[in-house]
Structure formats: C-alpha cells, structure tokens
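> Okay, so here is entry.cif, and as you'll see once you scroll down, it has mmCIF, C-alpha atoms.
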```cif
data_input
#
loop_
_atom_site.label_atom_id
_atom_site.label_comp_id
_atom_site.auth_asym_id
_atom_site.auth_seq_id
_atom_site.Cartn_x
_atom_site.Cartn_y
_atom_site.Cartn_z
CA MET A 23 64.29 138.41 89.78
CA LEU A 24 66.90 137.01 92.15
CA SER A 25 69.37 136.32 89.38
CA SER A 26 69.01 139.85 88.00
CA TRP A 27 69.62 141.26 91.50
CA ARG A 28 72.77 139.18 91.81
CA ARG A 29 74.04 140.43 88.46
CA TYR A 30 73.34 144.03 89.54
CA ALA A 31 75.14 143.49 92.86
CA ASP A 32 78.15 141.96 91.11
CA SER A 33 78.37 144.86 88.68
CA HIS A 34 77.89 147.60 91.36
CA PRO A 35 79.74 146.34 94.49
CA HIS A 36 80.48 149.79 95.95
CA LEU A 37 76.87 150.92 95.68
CA VAL A 38 75.65 147.74 97.39
CA GLU A 39 78.24 148.13 100.16
CA THR A 40 77.20 151.72 100.79
CA ALA A 41 73.52 150.81 100.99
CA PHE A 42 74.30 147.96 103.39
CA LEU A 43 76.33 150.18 105.73
CA LEU A 44 73.65 152.89 105.71
CA LEU A 45 71.06 150.26 106.67
CA VAL A 46 73.28 149.04 109.54
CA LEU A 47 73.78 152.65 110.70
CA ALA A 48 70.03 153.32 110.65
CA VAL A 49 69.20 150.18 112.65
CA THR A 50 71.96 150.78 115.18
CA SER A 51 71.24 154.51 115.62
CA ARG A 52 67.61 153.79 116.42
CA GLN A 53 68.67 151.85 119.52
CA TYR A 54 70.01 155.06 121.08
CA VAL A 55 66.82 157.14 120.66
CA HIS A 56 64.52 156.04 123.48
CA GLN A 57 66.98 154.60 126.01
CA GLY A 58 70.06 155.50 127.98
CA PRO A 59 71.41 158.97 128.75
CA GLY A 60 70.35 160.42 125.37
CA TRP A 61 70.34 159.80 121.69
CA TRP A 62 73.00 162.43 120.91
CA GLN A 63 75.68 160.54 122.90
CA GLY A 64 74.97 157.26 121.10
CA GLN A 65 75.01 158.55 117.51
CA PRO A 66 78.81 159.00 117.34
CA LEU A 67 79.23 155.46 118.71
CA ALA A 68 76.83 154.11 116.07
CA LEU A 69 78.71 156.00 113.37
CA VAL A 70 82.13 154.77 114.53
CA ALA A 71 80.89 151.16 114.85
CA THR A 72 79.42 151.28 111.34
CA ALA A 73 82.62 152.81 109.96
CA GLY A 74 84.56 150.03 111.68
CA LEU A 75 82.89 147.56 109.31
CA LEU A 76 84.60 149.07 106.25
CA PRO A 77 87.82 147.02 106.60
CA ARG A 78 86.02 143.85 107.73
CA ARG A 79 87.07 141.84 104.64
CA GLY A 80 90.71 142.82 104.53
CA HIS A 81 91.27 143.31 108.29
CA PRO A 82 88.52 141.42 110.15
CA ARG A 83 90.32 141.53 113.53
CA ALA A 84 90.45 145.32 113.43
CA ALA A 85 86.74 145.45 112.57
CA VAL A 86 85.90 143.22 115.55
CA LEU A 87 88.06 145.34 117.87
CA VAL A 88 86.43 148.64 116.84
CA THR A 89 82.83 147.39 116.91
CA ALA A 90 83.32 145.52 120.20
CA ALA A 91 84.84 148.61 121.80
CA CYS A 92 81.90 150.76 120.65
CA ALA A 93 79.41 148.21 122.02
CA ALA A 94 81.24 148.05 125.38
CA VAL A 95 81.26 151.87 125.70
CA SER A 96 77.56 152.00 124.79
CA VAL A 97 76.44 149.53 127.46
CA ALA A 98 78.81 151.11 129.98
CA LEU A 99 77.08 154.48 129.41
CA GLY A 100 73.76 152.82 130.28
CA TYR A 101 72.29 151.97 126.91
CA LEU A 102 70.20 148.79 126.85
CA ILE A 103 72.14 145.86 125.44
CA SER A 104 70.27 144.14 122.62
CA PRO A 105 70.99 142.21 119.41
CA LEU A 106 70.33 145.32 117.32
CA LEU A 107 72.79 147.35 119.38
CA LEU A 108 75.34 144.57 118.85
CA LEU A 109 74.61 144.33 115.11
CA PRO A 110 77.99 145.77 113.97
CA VAL A 111 79.80 143.32 116.29
CA LEU A 112 77.82 140.38 114.94
CA ILE A 113 78.60 141.34 111.34
CA ALA A 114 82.31 141.77 112.08
CA LEU A 115 82.51 138.43 113.92
CA TYR A 116 80.79 136.64 111.01
CA GLU A 117 83.33 138.02 108.52
CA LEU A 118 86.13 137.06 110.89
CA ALA A 119 84.84 133.47 111.24
CA VAL A 120 84.49 133.13 107.45
CA ARG A 121 88.01 134.39 106.70
CA THR A 122 90.18 133.10 109.58
CA PRO A 123 90.82 129.71 111.21
CA GLN A 124 88.33 128.42 113.75
CA ARG A 125 90.74 128.90 116.65
CA THR A 126 91.15 132.60 115.83
CA ALA A 127 87.39 133.10 115.52
CA PHE A 128 86.64 131.60 118.92
CA ALA A 129 89.51 133.50 120.53
CA CYS A 130 88.04 136.77 119.24
CA TYR A 131 84.61 135.62 120.42
CA GLY A 132 85.95 135.12 123.94
CA ALA A 133 87.67 138.51 123.91
CA THR A 134 84.46 140.21 122.72
CA VAL A 135 82.36 138.57 125.45
CA ALA A 136 85.00 139.49 128.05
CA LEU A 137 84.78 143.10 126.88
CA VAL A 138 81.02 143.54 126.48
CA VAL A 139 79.48 141.45 129.29
CA PRO A 140 81.42 143.00 132.23
CA ALA A 141 80.62 146.43 130.83
CA ALA A 142 76.91 145.53 130.81
CA LEU A 143 77.00 144.10 134.33
CA LEU A 144 78.79 147.20 135.69
CA SER A 145 76.59 149.69 133.87
CA GLY A 146 74.30 150.16 136.88
CA ARG A 147 71.04 149.47 135.04
CA ASP A 148 68.59 147.87 137.46
CA ASP A 149 65.72 147.43 134.99
CA GLN A 150 67.42 144.64 133.08
CA PRO A 151 67.94 141.12 134.57
CA TRP A 152 71.54 140.02 134.90
CA MET A 153 70.80 137.02 132.65
CA ASP A 154 69.90 139.42 129.84
CA GLU A 155 73.15 141.27 130.44
CA SER A 156 75.40 138.18 130.50
CA VAL A 157 74.00 134.94 129.02
CA GLY A 158 71.95 136.70 126.35
CA PRO A 159 74.83 138.73 124.81
CA ALA A 160 77.16 135.73 125.00
CA PHE A 161 74.63 133.67 123.05
CA TRP A 162 73.95 136.37 120.45
CA ILE A 163 77.65 136.95 119.88
CA LEU A 164 78.22 133.18 119.50
CA LEU A 165 75.70 132.79 116.67
CA PRO A 166 77.65 134.64 113.92
CA VAL A 167 80.83 132.79 114.92
CA LEU A 168 79.10 129.43 114.48
CA ALA A 169 77.49 130.52 111.20
CA GLY A 170 80.77 131.88 109.80
CA THR A 171 82.67 128.76 110.83
CA ALA A 172 80.08 126.55 109.11
CA VAL A 173 80.31 128.63 105.93
CA ARG A 174 84.10 128.49 106.01
CA SER A 175 84.06 124.70 106.49
CA ARG A 176 81.59 124.34 103.62
CA ARG A 177 83.76 126.42 101.33
CA ALA A 178 86.84 124.46 102.32
CA HIS A 179 85.02 121.22 101.57
CA LEU A 180 83.89 122.48 98.15
CA ASP A 181 87.42 123.68 97.39
CA ALA A 182 88.82 120.28 98.34
CA VAL A 183 86.27 118.52 96.14
CA HIS A 184 87.09 120.86 93.27
CA THR A 185 90.82 120.29 93.77
CA ARG A 186 90.37 116.52 93.82
CA ALA A 187 88.25 116.70 90.67
CA GLU A 188 90.91 118.78 88.89
CA TYR A 189 93.63 116.38 90.04
CA ALA A 190 91.61 113.39 88.86
CA GLU A 191 91.04 115.08 85.51
CA ARG A 192 94.76 115.83 85.12
CA THR A 193 95.60 112.27 86.13
CA ARG A 194 93.16 110.86 83.58
CA GLU A 195 94.60 113.08 80.86
CA GLU A 196 98.18 112.12 81.75
CA GLU A 197 97.25 108.45 81.87
CA ALA A 198 95.52 108.75 78.49
CA ARG A 199 98.59 110.44 76.99
CA HIS A 200 100.82 107.78 78.52
CA ARG A 201 98.70 104.99 77.05
CA VAL A 202 98.67 106.67 73.65
CA ALA A 203 102.47 106.99 73.74
CA GLU A 204 102.85 103.33 74.72
CA GLU A 205 100.48 102.27 71.95
CA ARG A 206 102.38 104.34 69.40
CA ILE A 207 105.67 102.75 70.48
CA ARG A 208 104.14 99.28 70.32
CA ILE A 209 102.74 99.87 66.82
CA ALA A 210 106.02 101.41 65.64
CA ARG A 211 107.92 98.41 66.99
CA GLU A 212 105.51 96.00 65.30
CA LEU A 213 105.75 97.86 61.99
CA HIS A 214 109.54 97.86 62.19
CA ASP A 215 109.66 94.12 62.80
CA VAL A 216 107.22 93.33 60.00
CA VAL A 217 108.73 95.68 57.41
CA ALA A 218 112.38 95.02 58.26
CA HIS A 219 111.94 91.25 58.25
CA HIS A 220 109.95 90.91 55.06
CA MET A 221 111.91 93.53 53.11
CA ALA A 222 115.24 92.01 54.11
CA LEU A 223 113.96 88.52 53.32
CA ALA A 224 112.50 89.64 49.98
CA ASN A 225 115.73 91.40 49.10
CA ALA A 226 117.78 88.30 49.90
CA GLN A 227 115.42 86.05 47.93
CA ALA A 228 115.47 88.40 44.93
CA GLY A 229 119.26 88.60 45.02
CA THR A 230 119.62 84.82 45.20
CA ALA A 231 117.12 84.33 42.36
CA ALA A 232 118.97 86.84 40.19
CA HIS A 233 122.25 85.05 40.88
CA LEU A 234 120.81 81.65 39.93
CA ALA A 235 118.65 82.82 37.03
CA ARG A 236 121.11 81.77 34.30
CA THR A 237 122.88 78.80 35.84
CA HIS A 238 120.02 77.19 37.80
CA PRO A 239 116.72 78.50 36.43
CA GLU A 240 114.66 75.87 38.25
CA GLN A 241 116.05 76.93 41.64
CA ALA A 242 115.55 80.59 40.70
CA HIS A 243 111.92 79.86 39.85
CA GLU A 244 111.43 78.12 43.20
CA ILE A 245 112.95 81.08 45.06
CA LEU A 246 110.72 83.49 43.16
CA THR A 247 107.74 81.41 44.25
CA HIS A 248 108.87 81.84 47.87
CA LEU A 249 109.33 85.57 47.16
CA THR A 250 105.68 85.81 46.18
CA GLY A 251 104.70 84.17 49.46
CA THR A 252 107.00 86.55 51.38
CA THR A 253 105.42 89.66 49.87
CA ALA A 254 101.92 88.28 50.40
CA SER A 255 102.74 87.54 54.04
CA ALA A 256 104.18 91.06 54.42
CA LEU A 257 100.98 92.59 53.09
CA ARG A 258 98.84 90.50 55.44
CA GLU A 259 100.88 91.43 58.53
CA LEU A 260 101.04 95.10 57.53
CA LYS A 261 97.26 95.13 57.09
CA ALA A 262 96.76 93.56 60.51
CA THR A 263 99.21 95.97 62.15
CA VAL A 264 97.78 99.08 60.52
CA GLY A 265 94.36 97.80 61.58
CA LEU A 266 95.38 98.68 65.14
CA LEU A 267 95.07 102.33 64.13
CA ARG A 268 91.42 102.00 63.12
CA SER A 269 88.77 103.70 65.17
CA PRO A 270 86.76 101.43 67.50
CA GLY A 271 83.72 101.60 65.21
CA ASP A 272 85.57 100.18 62.21
CA THR A 273 85.25 96.52 61.37
CA GLY A 274 88.00 94.54 59.77
CA GLY A 275 88.03 91.74 57.30
CA PRO A 276 88.82 88.06 57.82
CA ASP A 277 92.56 88.74 57.89
CA ASP A 278 92.14 90.88 61.02
CA LEU A 279 90.91 87.77 62.85
CA ARG A 280 94.14 85.89 62.15
CA PRO A 281 95.88 85.10 65.46
CA PRO A 282 99.23 86.81 66.10
CA PRO A 283 102.32 84.80 65.17
CA GLY A 284 104.08 82.65 67.74
CA LEU A 285 106.73 79.96 68.01
CA GLY A 286 104.33 77.61 66.27
CA ARG A 287 105.23 79.39 63.03
CA LEU A 288 108.97 78.74 63.40
CA PRO A 289 108.99 76.08 60.62
CA GLU A 290 107.43 78.61 58.22
CA LEU A 291 110.03 81.20 59.26
CA VAL A 292 112.90 78.75 58.85
CA SER A 293 111.64 77.79 55.39
CA ALA A 294 111.41 81.43 54.32
CA PHE A 295 115.00 82.14 55.38
CA GLY A 296 116.12 78.91 53.75
CA SER A 297 114.80 80.15 50.42
CA ALA A 298 116.96 83.26 50.90
CA GLY A 299 120.11 81.18 51.36
CA LEU A 300 120.29 81.11 55.16
CA ARG A 301 120.17 77.63 56.64
CA VAL A 302 118.55 77.76 60.06
CA THR A 303 118.70 74.94 62.61
CA VAL A 304 116.22 74.83 65.47
CA THR A 305 117.11 72.95 68.67
CA VAL A 306 114.70 72.45 71.56
CA ARG A 307 115.78 71.42 75.04
CA GLY A 308 113.20 70.58 77.65
CA THR A 309 109.51 69.92 77.22
CA ARG A 310 107.95 72.28 74.73
CA ARG A 311 104.71 73.82 76.01
CA PRO A 312 102.27 76.59 75.09
CA LEU A 313 103.23 80.10 76.14
CA PRO A 314 101.04 83.06 77.06
CA PRO A 315 100.04 84.92 73.86
CA GLY A 316 102.15 88.00 74.64
CA VAL A 317 105.26 85.98 75.47
CA ASP A 318 104.73 83.73 72.45
CA LEU A 319 104.57 86.76 70.14
CA THR A 320 107.64 88.29 71.80
CA ALA A 321 109.65 85.08 71.38
CA PHE A 322 108.69 84.82 67.70
CA ARG A 323 109.51 88.47 66.97
CA ILE A 324 112.90 88.20 68.67
CA VAL A 325 113.82 85.14 66.61
CA GLN A 326 112.49 86.82 63.47
CA GLU A 327 114.42 90.05 64.07
CA ALA A 328 117.63 88.24 65.02
CA LEU A 329 117.54 86.15 61.82
CA THR A 330 116.67 89.26 59.81
CA ASN A 331 119.76 91.00 61.20
CA VAL A 332 121.86 88.00 60.16
CA THR A 333 120.55 88.37 56.61
CA LYS A 334 120.95 92.16 56.54
CA HIS A 335 124.34 92.63 58.21
CA THR A 336 126.33 89.49 57.35
CA ASP A 337 126.83 86.95 54.60
CA ALA A 338 126.54 84.09 57.08
CA GLY A 339 125.26 80.87 55.61
CA THR A 340 123.99 79.24 58.79
CA ALA A 341 122.24 80.26 61.97
CA ASP A 342 121.13 78.33 65.04
CA VAL A 343 117.99 78.86 67.11
CA HIS A 344 118.13 77.21 70.52
CA LEU A 345 115.04 77.00 72.74
CA ALA A 346 115.57 75.89 76.36
CA TYR A 347 112.43 75.34 78.45
CA ALA A 348 113.04 75.44 82.21
CA HIS A 349 110.52 75.29 85.06
CA ASP A 350 109.22 78.84 84.62
CA ARG A 351 111.55 80.34 82.02
CA LEU A 352 112.22 80.09 78.32
CA THR A 353 115.71 80.91 77.16
CA LEU A 354 116.04 81.39 73.42
CA THR A 355 119.37 81.97 71.71
CA VAL A 356 119.99 82.90 68.08
CA THR A 357 123.58 82.62 66.84
CA ASP A 358 125.25 82.84 63.45
CA ASP A 359 128.70 81.91 62.13
CA GLY A 360 129.50 85.48 61.16
CA GLY A 361 130.34 84.81 57.53
CA ALA A 362 133.16 86.65 55.81
CA SER A 363 131.93 90.22 56.39
CA PRO A 364 132.02 92.02 59.75
CA ARG A 365 128.88 93.03 61.60
CA PRO A 366 128.83 96.84 61.88
CA PRO A 367 126.32 97.65 64.64
CA GLY A 368 127.26 97.03 68.26
CA PRO A 369 125.07 95.52 70.97
CA GLY A 370 123.30 98.82 71.68
CA GLY A 371 122.91 100.13 68.13
CA GLY A 372 120.10 99.95 65.66
CA PHE A 373 116.35 99.89 66.15
CA GLY A 374 116.28 96.10 65.82
CA LEU A 375 118.21 95.41 69.01
CA VAL A 376 116.40 98.22 70.84
CA GLY A 377 113.04 96.79 69.78
CA MET A 378 114.00 93.25 70.83
CA ARG A 379 115.16 94.51 74.22
CA GLU A 380 111.95 96.50 74.72
CA ARG A 381 109.83 93.49 73.78
CA ALA A 382 111.66 91.28 76.26
CA GLU A 383 111.36 93.81 79.10
CA THR A 384 107.69 94.44 78.36
CA SER A 385 107.02 90.70 78.70
CA GLY A 386 108.88 90.55 82.02
CA GLY A 387 112.13 89.15 80.65
CA ARG A 388 115.52 90.44 79.56
CA LEU A 389 117.71 90.33 76.46
CA SER A 390 121.43 90.45 75.81
CA ALA A 391 123.31 90.59 72.53
CA GLY A 392 126.96 90.64 71.53
CA ALA A 393 129.72 89.26 69.33
CA LEU A 394 131.06 85.75 69.90
CA ALA A 395 134.73 85.08 70.57
CA ASP A 396 135.14 82.85 67.50
CA GLY A 397 133.19 85.16 65.21
CA GLY A 398 129.49 85.53 64.65
CA PHE A 399 126.87 87.10 66.85
CA ALA A 400 124.49 85.89 69.56
CA VAL A 401 121.16 87.17 70.81
CA THR A 402 119.89 85.65 74.06
CA ALA A 403 116.51 86.33 75.63
CA GLU A 404 115.08 85.02 78.89
CA LEU A 405 111.29 85.15 78.96
CA PRO A 406 108.75 84.04 81.57
CA ALA A 407 107.13 80.71 80.73
CA PRO A 408 104.66 79.67 83.45
CA PRO A 409 104.52 75.92 83.99
CA PRO A 410 101.32 74.20 82.86
CA ALA A 411 98.63 73.88 85.48
CA ARG A 412 98.40 70.44 87.01
CA GLU A 413 95.28 68.54 86.24
CA GLN A 414 92.96 68.24 89.19
CA PRO A 415 92.00 64.68 90.13
CA SER A 416 88.37 63.85 89.30
#
```
Using structure tokens, write down the structure from this file.


Amino acid sequence: MLSSWRRYADSHPHLVETAFLLLVLAVTSRQYVHQGPGWWQGQPLALVATAGLLPRRGHPRAAVLVTAACAAVSVALGYLISPLLLLPVLIALYELAVRTPQRTAFACYGATVALVVPAALLSGRDDQPWMDESVGPAFWILLPVLAGTAVRSRRAHLDAVHTRAEYAERTREEEARHRVAEERIRIARELHDVVAHHMALANAQAGTAAHLARTHPEQAHEILTHLTGTTASALRELKATVGLLRSPGDTGGPDDLRPPPGLGRLPELVSAFGSAGLRVTVTVRGTRRPLPPGVDLTAFRIVQEALTNVTKHTDAGTADVHLAYAHDRLTLTVTDDGGASPRPPGPGGGFGLVGMRERAETSGGRLSAGALADGGFAVTAELPAPPPAREQPS
C-alpha cells in the first residue's frame, strides 16, 4: 500500500503538491473563523501565506519571508496565535533548514521570531497569557528548524558515505588494473628472457653442430645432445611461465612445482653456452651466500640475458661473469671480448636491456650497460643482498 502510494506520488508530483497546499489552506483558514475581528479579514492572509509556499523549494528564503509576514499581520490584527495559524511558516522553515546551511536556517529562525512574537505581544489581546504569545511561538517555530537541520545532516552523511564508497570502488578497480598491467609486464619479461635465451642458444648450438658435422662428427653429436637438453629446458620453462596465466582453480603438474632458477644454476648455464661455442668464466669475490628468491631470480636472468646478447649480437668467443658480494650488495658484471663483429644496439636499445633494467629496479637495484674502451660490452647490476642473520647464542 505504502509503496504503491509512493509510486503514484512520484508519477503525479503536481497533483500531490496541489492537494497538499489545499490541505494547508483549509487548516489555516479554519483558524480565522471563530476568533479575531472576523473570518473575512483572515482568509486573504491564509491564501497569501499558502501561495507563499509555492516557491519554497527553489526560493526558501522568500517563502519564509512571505509566510512570516502573513503570520505577523494576523496576530497583530488580534487573531489567536497557535501552531495551526503558524503552519505555513513552519513548513517554509523546514524546507529552508533542509536546503540551506545551518547558520542560514537559524538566522531566518531568529528573524521570524523577532517578527511574530512582538506582533503577538502588541496585539492587545488580554485573554492569552504572555507566555503563550512569546515562549510558545518561539518553541513551535524552532521545531521545524531542528527537524530540517537533522534531515539535512543525515542526507549529507549518506552522501559522504556514498561518495566514499564510490571512491573506494574506483580505487579498487584502478588498483586491480594496475596489478593486472604489472603482472602482464612481468610475464612478458619472463617469456622474453626464456624464449630469447633458449632460441639464441639453440640456434648457436645448431650452427656449431652443422659446421662440425663433416670434420668432427663426434663433437657435432655431443653438441646435438646439448641441443636436445636446451629445447627440453625451454619447453619446461615455457610451461612454467605460461602456467602463471592459469585460473586460480587450475592445478599444474610436477613441473609447475620446480623452483625458479637462481645463481645456483650458473654451472648449468655456463655449460649450455659452452656447447654453443662461448667460453664463460665465472669469478666470485667475497663470501657467497643465499639471496632472497626474487633477487636470486633477477641475478640469474640478468646473467642469462647478457650472455644471450653476446651470442646473438657478436661472434665473441669468451665472456666473463664476475660476482662481488659486499656487506649488503651483490654486484654482478658480464663482459665479453667483442669478437670481430660490432655490436649494433646501444645501451638503451632492445627489449633485452630494457628487461634487465626493469628487473634490477623491481628488485631494488640498478643496472648499467655500455661498450668497453678496448672493445666488447659490459653489463653491470647492483642488487640488494641482505647479510645473513647472526646466530643467536643458545
């Protein structure tokens, strides 16, 4: 029943407004019938006060001024002041309190009391106590101001809650998009490192095997054996990397449980490049110690990508990997002798160098790369390497 009435009121606002104003006019007009100088003098005042409520939503101050003036004239003529006589004023003040700041509402309340109460006290009616002509009207006029202010505060609170909820929703969506973009970049970087390394290594191994096939068939056979291992390793790492794209409900196989590569697999990496014709020397300075998993993976991928670039862009025969462990840093340097062919990409070119630099920065380190004065190329990365925790005495 109530919901159907609300739907009817929403669909017929002008009809509801007309009925409301006619009801206010009827209640107010009745107050002029049996009191004061005569009903015929009060009816125009009731009509004007009711008409003054028409602009109460768009111009609430004007509505308060008109209704308060009609009420003051009525009590000044000798009509008995009562809540029903003040009904248009109360309605106008409520709309004003709902739609304007609290300071404005109370200022209009004070002006209305200053207009109506003196008029009631000076009306010359002796049958009404002065308390009913002063304290009573001031209290009645205050009630709609307090009610309208409470409604306005409630609406402001609900609007603020709604705004905060919308902001939180937008923030969550932006954060989710940001995380998705970061994950896509991370997967793309991982795929690039895996594919570029293994394809370049397989290409070098195949080329070396083809070159030695007639003159040194035994060495060619050994290189082809390494080539099989290279392609198998590429498939395993590709499967693990693509597995990152699975939905959370999917379950992987045993290969998905393989730990990510780290510097512990450097001998395997050196052996793979050795089978492709690149002799790699690893030098360690300082005390070698375990690294955090993310830093360990970053260090391995940087070495892997740097050696892959040596194989792809030069015909260098040797490369050096230098690991320097300091108190809280690991500095790794990969250099090559340059070979006979120049190295086309500069320090900022190519996805390989960009990916290495992004990996280093993501791990809290930095990377630099450039040509050496005597030929060749160097890639240097500084990565955080927290010192091992000291054992607590028992």

> Go through A:Val46, A:Leu76, A:Val306, A:Ala133 and flag the residue nearest A:Pro110, using all atoms listed in the file for the distances.

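Nearest candidate to A:Pro110 out of A:Val46, A:Leu76, A:Val306, A:Ala133: A:Val46.
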
> Atom CA of A:Leu300 to atom CA of A:Val332: how many Å, to one decimal?

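Going from atom CA of A:Leu300 over to atom CA of A:Val332, I get 8.7 Å.
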
> When the PyMOL selection byres ((chain A and resi 163-179) around 9) is applied to the file above, which residues end up in the set, as a tab-separated table (two decimals) with C-alpha atoms, in the coordinates of the input?


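Now in expr_34.tsv:
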```tsv
chain	number	residue	atom	x	y	z
A	105	PRO	CA	70.99	142.21	119.41
A	108	LEU	CA	75.34	144.57	118.85
A	111	VAL	CA	79.80	143.32	116.29
A	112	LEU	CA	77.82	140.38	114.94
A	113	ILE	CA	78.60	141.34	111.34
A	114	ALA	CA	82.31	141.77	112.08
A	115	LEU	CA	82.51	138.43	113.92
A	116	TYR	CA	80.79	136.64	111.01
A	117	GLU	CA	83.33	138.02	108.52
A	118	LEU	CA	86.13	137.06	110.89
A	119	ALA	CA	84.84	133.47	111.24
A	120	VAL	CA	84.49	133.13	107.45
A	121	ARG	CA	88.01	134.39	106.70
A	122	THR	CA	90.18	133.10	109.58
A	123	PRO	CA	90.82	129.71	111.21
A	124	GLN	CA	88.33	128.42	113.75
A	127	ALA	CA	87.39	133.10	115.52
A	128	PHE	CA	86.64	131.60	118.92
A	131	TYR	CA	84.61	135.62	120.42
A	134	THR	CA	84.46	140.21	122.72
A	135	VAL	CA	82.36	138.57	125.45
A	158	GLY	CA	71.95	136.70	126.35
A	159	PRO	CA	74.83	138.73	124.81
A	160	ALA	CA	77.16	135.73	125.00
A	161	PHE	CA	74.63	133.67	123.05
A	162	TRP	CA	73.95	136.37	120.45
A	180	LEU	CA	83.89	122.48	98.15
A	181	ASP	CA	87.42	123.68	97.39
A	182	ALA	CA	88.82	120.28	98.34
A	183	VAL	CA	86.27	118.52	96.14
A	184	HIS	CA	87.09	120.86	93.27
```

> Quick one: everything within 7 Å of A:Cys92, counting only C-alpha atoms, minus sequence neighbours fewer than 4 positions away in the same chain. Send it as a PyMOL selection string.

chain A and resi 67+71+88+96

> Using only C-alpha atoms, which residue out of A:Ala84, A:Ala348, A:Leu144, A:Ala228 lies closest to A:Pro409?

A:Ala348

> In Å, with one decimal, what is the gap from atom CA of A:Gly397 to atom CA of A:Asp358?

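So the two atoms, atom CA of A:Gly397 and atom CA of A:Asp358, lie 8.5 Å apart.
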
> I'd like the interatomic distance between atom CA of A:Thr355 and atom CA of A:Thr230, to a tenth of an Å.

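Value for the atom CA of A:Thr355-atom CA of A:Thr230 distance: 26.7 Å.
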
> Identify the residues within 10 Å of coordinate (117.0, 73.0, 63.7) (same frame as the file), considering all atoms listed in the file, and give the answer as a list in words.

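The residues that fall inside the cut-off are Leu288, Pro289, Val292, Arg301, Val302, Thr303, Val304, Thr305, Val306, Ala341, Asp342, Val343 and His344 of chain A.
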
> Compare A:Arg201, A:Arg381, A:His335, A:Arg388 by their minimum atom-to-atom distance to A:Thr353, counting all atoms listed in the file, and give me the closest one.

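Closest residue, counting all atoms listed in the file: A:Arg388.
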
> List the residues selected by the PyMOL selection byres ((chain A and resi 97) around 12) in the file shown, writing them as a ChimeraX atom specification.

/A:53-54,57-59,63-64,67,90-96,98-104,107-108,137-147,150,155-156,159

> How would the residues just picked look written out with C-alpha atoms as an mmCIF file, keeping the file's coordinate frame?


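Result saved to again-v6.cif:
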```cif
data_model
loop_
_atom_site.group_PDB
_atom_site.id
_atom_site.type_symbol
_atom_site.label_atom_id
_atom_site.label_comp_id
_atom_site.auth_asym_id
_atom_site.auth_seq_id
_atom_site.Cartn_x
_atom_site.Cartn_y
_atom_site.Cartn_z
ATOM 1 C CA GLN A 53 68.670 151.850 119.520
ATOM 2 C CA TYR A 54 70.010 155.060 121.080
ATOM 3 C CA GLN A 57 66.980 154.600 126.010
ATOM 4 C CA GLY A 58 70.060 155.500 127.980
ATOM 5 C CA PRO A 59 71.410 158.970 128.750
ATOM 6 C CA GLN A 63 75.680 160.540 122.900
ATOM 7 C CA GLY A 64 74.970 157.260 121.100
ATOM 8 C CA LEU A 67 79.230 155.460 118.710
ATOM 9 C CA ALA A 90 83.320 145.520 120.200
ATOM 10 C CA ALA A 91 84.840 148.610 121.800
ATOM 11 C CA CYS A 92 81.900 150.760 120.650
ATOM 12 C CA ALA A 93 79.410 148.210 122.020
ATOM 13 C CA ALA A 94 81.240 148.050 125.380
ATOM 14 C CA VAL A 95 81.260 151.870 125.700
ATOM 15 C CA SER A 96 77.560 152.000 124.790
ATOM 16 C CA ALA A 98 78.810 151.110 129.980
ATOM 17 C CA LEU A 99 77.080 154.480 129.410
ATOM 18 C CA GLY A 100 73.760 152.820 130.280
ATOM 19 C CA TYR A 101 72.290 151.970 126.910
ATOM 20 C CA LEU A 102 70.200 148.790 126.850
ATOM 21 C CA ILE A 103 72.140 145.860 125.440
ATOM 22 C CA SER A 104 70.270 144.140 122.620
ATOM 23 C CA LEU A 107 72.790 147.350 119.380
ATOM 24 C CA LEU A 108 75.340 144.570 118.850
ATOM 25 C CA LEU A 137 84.780 143.100 126.880
ATOM 26 C CA VAL A 138 81.020 143.540 126.480
ATOM 27 C CA VAL A 139 79.480 141.450 129.290
ATOM 28 C CA PRO A 140 81.420 143.000 132.230
ATOM 29 C CA ALA A 141 80.620 146.430 130.830
ATOM 30 C CA ALA A 142 76.910 145.530 130.810
ATOM 31 C CA LEU A 143 77.000 144.100 134.330
ATOM 32 C CA LEU A 144 78.790 147.200 135.690
ATOM 33 C CA SER A 145 76.590 149.690 133.870
ATOM 34 C CA GLY A 146 74.300 150.160 136.880
ATOM 35 C CA ARG A 147 71.040 149.470 135.040
ATOM 36 C CA GLN A 150 67.420 144.640 133.080
ATOM 37 C CA GLU A 155 73.150 141.270 130.440
ATOM 38 C CA SER A 156 75.400 138.180 130.500
ATOM 39 C CA PRO A 159 74.830 138.730 124.810
#
```

> So, counting all atoms listed in the file, which residue among A:Asp154, A:Asp318, A:Asp337, A:Asp32 is closest to A:Gly398?

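When distances to A:Gly398 are compared using all atoms listed in the file, the smallest one comes from A:Asp337.
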
> Out of A:Thr309, A:Thr40, A:Ser297, A:Thr247, which residue has the shortest atom-to-atom distance to A:Pro410 when counting only C-alpha atoms?

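Ranking A:Thr309, A:Thr40, A:Ser297, A:Thr247 by distance to A:Pro410, first place goes to A:Thr309.
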
> May I have the protein, DNA and RNA residues with any atom at most 8 Å from the point (118.3, 86.2, 71.8), counting all atoms listed in the file, written as a list in words?

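Residues lying no farther than 8 Å from the given point: Ile324, Val325, Ala328, Thr353, Leu354, Thr355, Val356, Leu389, Ser390, Ala391, Ala400, Val401, Thr402, Ala403 and Glu404 of chain A.
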
> Return as lines of an AutoDock Vina configuration file the box centre and box size in Å, one decimal, for an axis-aligned box around all listed atoms of stretch 91-100 of chain A padded by 3 Å per side.


```
center_x = 79.3
center_y = 151.3
center_z = 125.5
size_x = 17.1
size_y = 12.4
size_z = 15.6
```

> Excluding same-chain residues fewer than 2 positions from A:Gly308, what lies within 10 Å of it counting all atoms listed in the file, as an MDAnalysis selection string?

chainID A and resid 306 310:311 345:349 352

> On this structure, which residues satisfy the PyMOL selection byres ((chain A and resi 48) around 12), written as number ranges by chain?

A: 41-47, 49-55, 65, 68-69, 71-72, 106-107, 109-110
